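*Asks:* Dropping the structure in here first, questions after.
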Amino acid sequence: MVPHDDVSLSFDTNPNLTFPQHRRPQGAHPQQPMQFPPQPGMGPGPGLGSGPGFGPGLGSGPGSGFGPGAGAAPGGNMAFMSFDMSKPSALAPPPQAGPRFGGQSQYDGSGGLFGQNSFEDELPLLEELGINIPQILRKTASALNPIRINIDLYDDGDLSGPLIFCMLFGLCQLMHAKVHFGVVLGWSVVASTFIYTVFNLLVGARSSQAGLDLYRCCSIFGYGLLPMVLYSAVSIFFPRRGVLTAIAAVVAIVWCTRTAASLLVAIVPQADDVRALIAFMCIVTYFCFALLVLF
């Protein structure tokens, strides 16, 4: 290792040392700066650099640029565009009203995202889902009336009431130690499809013209099932295969048949001629549900 103090640098400077130079051929003109002819639309002014350009604008010194005020002033100070953020820009789009909730705009300008009364005018959740509890109660009371049924209540079909009745029927079967929730729902769909198909075969295209579709047929079958739900609830307190239970099953089947057949004939008056056949197919469907209770 060489100590740091002993290290020295020396340069050999020879005054007689010469470097080769590029020689210009004899007769050649000295190098001159390139010159461009003026183009139309170009003119002098403060612009980008010196010489011709694209108009007054960017750059420094005499020449031409891209726009006024964007170059350097003759004094050497750079000029920049200034912005005033306190004043609204003329190019800014006008404020638009946001989505409204309950009659109030989304932003009320007071620092809050929504207005104070934004959800006061909203509909209840059950009404938004199409579940009308008072209407269901009125239909239920009409279906349980063995003497007279108010046909006007069933002009619009709904599945909320029938689904509740199917769940109640399955709950009563659960009290019998029978888990029949899936069976009840499946049989209800099959029975509704069966009634709709046979009814259209008996009546023809007149049922579609009267407004009886599969959705409405499922609603009618579900409200007609309500006496069977009562029978399933009452049979908990009676012997499973006793005479009283069998008599109650027959009464429930006849009650369900009368309710469903009366609603179907009231919706399609042309089906009055085949009322007996309509009642027979209703007896077959509700008899299957009575077998779930008996066995």
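Chain labels follow the order of the structure tokens: the first chain is A, the next B, and so on; residue numbering restarts at 1 in every chain, and ligands are counted from 1 in their shown order.
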Which residues are near A:Gln135? Cut-off 12 Å, only C-alpha atoms, ignore same chain within fewer than 3 positions. Put them as an MDAnalysis selection string.
*Replies:* chainID A and resid 127 130:132 138:142 152:158 160:161
*Asks:* Neighbouring residues of A:Asn145 were defined as those with any atom within 12 Å, considering only C-alpha atoms; residues of the same chain fewer than 3 positions away were excluded. Please report them as a PDB file with N, CA and C atoms, in the first residue's frame.
*Replies:*
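Generated file (result.pdb):
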```pdb
ATOM      1  N   ARG A 138    -108.258  -8.105   3.885  1.00  0.00           N
ATOM      2  CA  ARG A 138    -109.613  -8.065   3.329  1.00  0.00           C
ATOM      3  C   ARG A 138    -109.880  -9.283   2.444  1.00  0.00           C
ATOM      4  N   LYS A 139    -108.890  -9.679   1.657  1.00  0.00           N
ATOM      5  CA  LYS A 139    -109.058 -10.878   0.829  1.00  0.00           C
ATOM      6  C   LYS A 139    -109.187 -12.124   1.693  1.00  0.00           C
ATOM      7  N   THR A 140    -108.436 -12.179   2.781  1.00  0.00           N
ATOM      8  CA  THR A 140    -108.518 -13.331   3.674  1.00  0.00           C
ATOM      9  C   THR A 140    -109.894 -13.441   4.317  1.00  0.00           C
ATOM     10  N   ALA A 141    -110.424 -12.321   4.778  1.00  0.00           N
ATOM     11  CA  ALA A 141    -111.763 -12.345   5.386  1.00  0.00           C
ATOM     12  C   ALA A 141    -112.822 -12.725   4.359  1.00  0.00           C
ATOM     13  N   SER A 142    -112.654 -12.289   3.104  1.00  0.00           N
ATOM     14  CA  SER A 142    -113.624 -12.649   2.078  1.00  0.00           C
ATOM     15  C   SER A 142    -113.535 -14.126   1.723  1.00  0.00           C
ATOM     16  N   ARG A 148    -120.770 -15.635   1.062  1.00  0.00           N
ATOM     17  CA  ARG A 148    -120.599 -14.694  -0.047  1.00  0.00           C
ATOM     18  C   ARG A 148    -119.136 -14.274  -0.144  1.00  0.00           C
ATOM     19  N   ILE A 149    -118.636 -14.201  -1.350  1.00  0.00           N
ATOM     20  CA  ILE A 149    -117.248 -13.802  -1.610  1.00  0.00           C
ATOM     21  C   ILE A 149    -117.271 -12.490  -2.384  1.00  0.00           C
ATOM     22  N   ASN A 150    -116.495 -11.530  -1.917  1.00  0.00           N
ATOM     23  CA  ASN A 150    -116.400 -10.244  -2.605  1.00  0.00           C
ATOM     24  C   ASN A 150    -115.427 -10.387  -3.776  1.00  0.00           C
ATOM     25  N   ILE A 151    -115.980 -10.464  -4.966  1.00  0.00           N
ATOM     26  CA  ILE A 151    -115.158 -10.719  -6.155  1.00  0.00           C
ATOM     27  C   ILE A 151    -114.286  -9.515  -6.500  1.00  0.00           C
ATOM     28  N   TYR A 223    -105.375 -18.307  -2.135  1.00  0.00           N
ATOM     29  CA  TYR A 223    -106.449 -17.854  -1.237  1.00  0.00           C
ATOM     30  C   TYR A 223    -107.506 -18.952  -1.024  1.00  0.00           C
ATOM     31  N   GLY A 224    -107.670 -19.826  -2.019  1.00  0.00           N
ATOM     32  CA  GLY A 224    -108.571 -20.954  -1.818  1.00  0.00           C
ATOM     33  C   GLY A 224    -108.010 -21.994  -0.873  1.00  0.00           C
ATOM     34  N   LEU A 226    -106.785 -21.418   2.013  1.00  0.00           N
ATOM     35  CA  LEU A 226    -106.899 -20.951   3.390  1.00  0.00           C
ATOM     36  C   LEU A 226    -107.767 -21.868   4.272  1.00  0.00           C
ATOM     37  N   PRO A 227    -108.922 -22.393   3.838  1.00  0.00           N
ATOM     38  CA  PRO A 227    -109.653 -23.343   4.695  1.00  0.00           C
ATOM     39  C   PRO A 227    -108.864 -24.607   5.008  1.00  0.00           C
ATOM     40  N   TRP A 255    -115.020 -26.573   1.048  1.00  0.00           N
ATOM     41  CA  TRP A 255    -114.888 -25.123   1.258  1.00  0.00           C
ATOM     42  C   TRP A 255    -113.847 -24.527   0.298  1.00  0.00           C
ATOM     43  N   CYS A 256    -112.682 -25.180   0.206  1.00  0.00           N
ATOM     44  CA  CYS A 256    -111.638 -24.702  -0.707  1.00  0.00           C
ATOM     45  C   CYS A 256    -112.116 -24.724  -2.152  1.00  0.00           C
ATOM     46  N   ARG A 258    -115.229 -24.531  -3.307  1.00  0.00           N
ATOM     47  CA  ARG A 258    -116.212 -23.473  -3.556  1.00  0.00           C
ATOM     48  C   ARG A 258    -115.542 -22.118  -3.733  1.00  0.00           C
ATOM     49  N   THR A 259    -114.545 -21.829  -2.887  1.00  0.00           N
ATOM     50  CA  THR A 259    -113.867 -20.527  -2.981  1.00  0.00           C
ATOM     51  C   THR A 259    -113.139 -20.370  -4.301  1.00  0.00           C
TER      52      THR A 259
END
```
*Asks:* What separation in Å, quoted to one decimal, exists between atom CA of A:Glu122 and atom CA of A:Leu163?
*Replies:*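 Separating atom CA of A:Glu122 from atom CA of A:Leu163 is a distance of 26.2 Å.
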*Asks:* From the list A:Val254, A:Val203, A:Leu159, A:Leu294, which residue is nearest A:Val189 when using only C-alpha atoms?
*Replies:*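 For A:Val189, the nearest of the candidates is A:Leu159.
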*Asks:* Which distance in Å separates atom CA of A:Phe237 and atom CA of A:Phe221, to one decimal?
*Replies:* 26.4 Å
